[in-house]
Amino acid sequence: MTDIAGRIWGGVRIQISREAAKRALDIAIVLIAIIVLGPLLLLLCGLVRCTSSGPALFRQQRIGRDKRPFTMLKLRTMRVGNDDKIHRDYVTKLLCDDQPPVGGRSGLFKLDGDPRVTRLGSWLRRTSLDELPQLLNVLTGQMSLVGPRPVLPWEALLLRDKHQQRFGVKPGMTGLWQIRGRNRLSMREGFDLDIEYVRTRSLALDIRILCSTLPALFRGDAR
């Protein structure tokens, strides 16, 4: 009995140490990124405000670790006051289809030719610069730099039982989807990659994903 308790406690300590190291890496990189990219983010906020009416930041509820909701930040890429039905219908179809989206230049979750998106917003999406404000979500501990994609509340209700493990870790700004060609994958394949990350996660894997994300962005795979 003592041996079993010792093994359990040892596993818990390893898990705590792994999560502490991951959190330290997140904070270190985010602080550097905010210092380096802060002026760019302020410039982009100004451009968003100048080119369309509405706030610079878009706030949206997502589902995080242990299915806790949180407010995710992005640069606003759409006109204010739009109905999200067109996006819901698109994503629901993807969840019911084993094929990747046809002509998905904008990315798996971003509908090509979406009439709600501004001209500047289209460019921000292509470059993934609209996701820069999520650095603040990472800094506050709601997200991590690497992890599963943060899903919307109604998307979470559509997930299969085998994909529920994704809620055991914090959602991430980047992950296996981005570096393995997100716009060439079906949604089910993407969720399978989330589970692969959860099961094999390590600090070394996070570093490899982070190092692969920028090249994937330049190739257009991470959009």
# chains A, B, ... in the order shown; residues from 1 in each chain; ligands from 1
$ residues_around --residues "A:Leu42" --least-positions-apart "6" --cutoff "12 Å" --atoms "only C-alpha atoms" --output "list in words"
Ile34, Ile35, Val36, Val48, Arg49, Ala56, Leu57, Leu75, Leu129, Leu132 and Pro133 of chain A
$ residues_around --residues "A:Asp66" --least-positions-apart "4" --cutoff "10 Å" --atoms "only C-alpha atoms" --output "VMD selection string"
chain A and resid 164 to 170
$ write_last_selection --atoms "N, CA and C atoms" --output "CSV table (one decimal), in the first residue's frame"
chain,number,residue,atom,x,y,z
A,164,GLN,N,-13.0,14.6,-25.3
A,164,GLN,CA,-13.2,15.4,-24.0
A,164,GLN,C,-11.9,15.6,-23.3
A,165,GLN,N,-10.8,14.7,-23.6
A,165,GLN,CA,-9.6,14.8,-22.9
A,165,GLN,C,-8.9,16.2,-23.2
A,166,ARG,N,-9.3,16.8,-24.3
A,166,ARG,CA,-8.6,18.1,-24.6
A,166,ARG,C,-8.9,19.2,-23.5
A,167,PHE,N,-9.9,19.0,-22.7
A,167,PHE,CA,-10.2,19.9,-21.6
A,167,PHE,C,-9.4,19.7,-20.4
A,168,GLY,N,-8.5,18.7,-20.4
A,168,GLY,CA,-7.6,18.4,-19.3
A,168,GLY,C,-6.4,19.3,-19.2
A,169,VAL,N,-6.2,20.1,-20.3
A,169,VAL,CA,-5.1,21.1,-20.3
A,169,VAL,C,-5.6,22.4,-20.8
A,170,LYS,N,-4.7,23.5,-20.6
A,170,LYS,CA,-5.1,24.8,-21.1
A,170,LYS,C,-5.1,24.8,-22.6
$ atom_distance --atom1 "atom CA of A:Thr118" --atom2 "atom CA of A:Thr71"
22.3 Å
$ closest_atom_pairs --of "stretch 116-136 of chain A" --to "stretch 24-30 of chain A" --cutoff "10 Å" --atoms "only C-alpha atoms" --output "tab-separated table"
residue	atom	partner	partner_atom	distance
A:Gln134	CA	A:Val30	CA	9.8
A:Leu135	CA	A:Val30	CA	6.1
A:Leu136	CA	A:Val30	CA	8.1
$ write_last_selection --atoms "C-alpha atoms" --output "CSV table (one decimal), in the first residue's frame"
chain,number,residue,atom,x,y,z
A,134,GLN,CA,-4.1,36.3,-26.8
A,135,LEU,CA,-0.7,36.9,-25.3
A,136,LEU,CA,-2.6,38.6,-22.5
$ closest_residue --among "A:Ile16, A:Val138, A:Leu73, A:Val198" --to "A:Gln61" --atoms "only C-alpha atoms"
A:Leu73
$ closest_residue --among "A:Leu176, A:Leu124, A:Ile63, A:Ala21" --to "A:Leu47" --atoms "only C-alpha atoms"
A:Leu124
$ select_by_dssp --residues "stretch 109-188 of chain A" --states "helix (DSSP H, G or I)" --output "PyMOL selection string"
chain A and resi 119-127+129-131+134-139+153-156+161-168+176-179+182-184+187-188
$ closest_residue --among "A:Thr174, A:Gly147, A:Asp114, A:Glu155" --to "A:Arg199" --atoms "only C-alpha atoms"
A:Gly147
$ select_by_dssp --residues "stretch 43-74 of chain A" --states "strand (DSSP E or B)" --output "PDB file with C-alpha atoms, in the first residue's frame"
ATOM      1  CA  LEU A  57     -10.382  44.240 -29.553  1.00  0.00           C
ATOM      2  CA  PHE A  58     -12.893  41.459 -30.049  1.00  0.00           C
ATOM      3  CA  ARG A  59     -13.905  39.565 -26.918  1.00  0.00           C
ATOM      4  CA  GLN A  60     -15.405  36.105 -27.219  1.00  0.00           C
ATOM      5  CA  GLN A  61     -16.248  33.419 -24.693  1.00  0.00           C
ATOM      6  CA  ARG A  62     -14.301  30.185 -25.135  1.00  0.00           C
ATOM      7  CA  ILE A  63     -14.075  26.984 -23.116  1.00  0.00           C
ATOM      8  CA  PRO A  69     -15.352  29.527 -19.734  1.00  0.00           C
ATOM      9  CA  PHE A  70     -13.057  32.501 -20.259  1.00  0.00           C
ATOM     10  CA  THR A  71     -12.962  35.592 -22.447  1.00  0.00           C
ATOM     11  CA  MET A  72     -10.502  35.252 -25.322  1.00  0.00           C
ATOM     12  CA  LEU A  73      -9.076  38.392 -26.925  1.00  0.00           C
ATOM     13  CA  LYS A  74      -8.419  38.999 -30.612  1.00  0.00           C
TER      14      LYS A  74
END
$ residues_around --residues "A:Val146" --least-positions-apart "4" --cutoff "7 Å" --atoms "only C-alpha atoms" --output "PyMOL selection string"
chain A and resi 172-175+206
$ residues_around --residues "A:Ser202" --least-positions-apart "6" --cutoff "10 Å" --atoms "only C-alpha atoms" --output "list in words"
Arg18, Glu19, Ala21, Lys22 and Arg208 of chain A
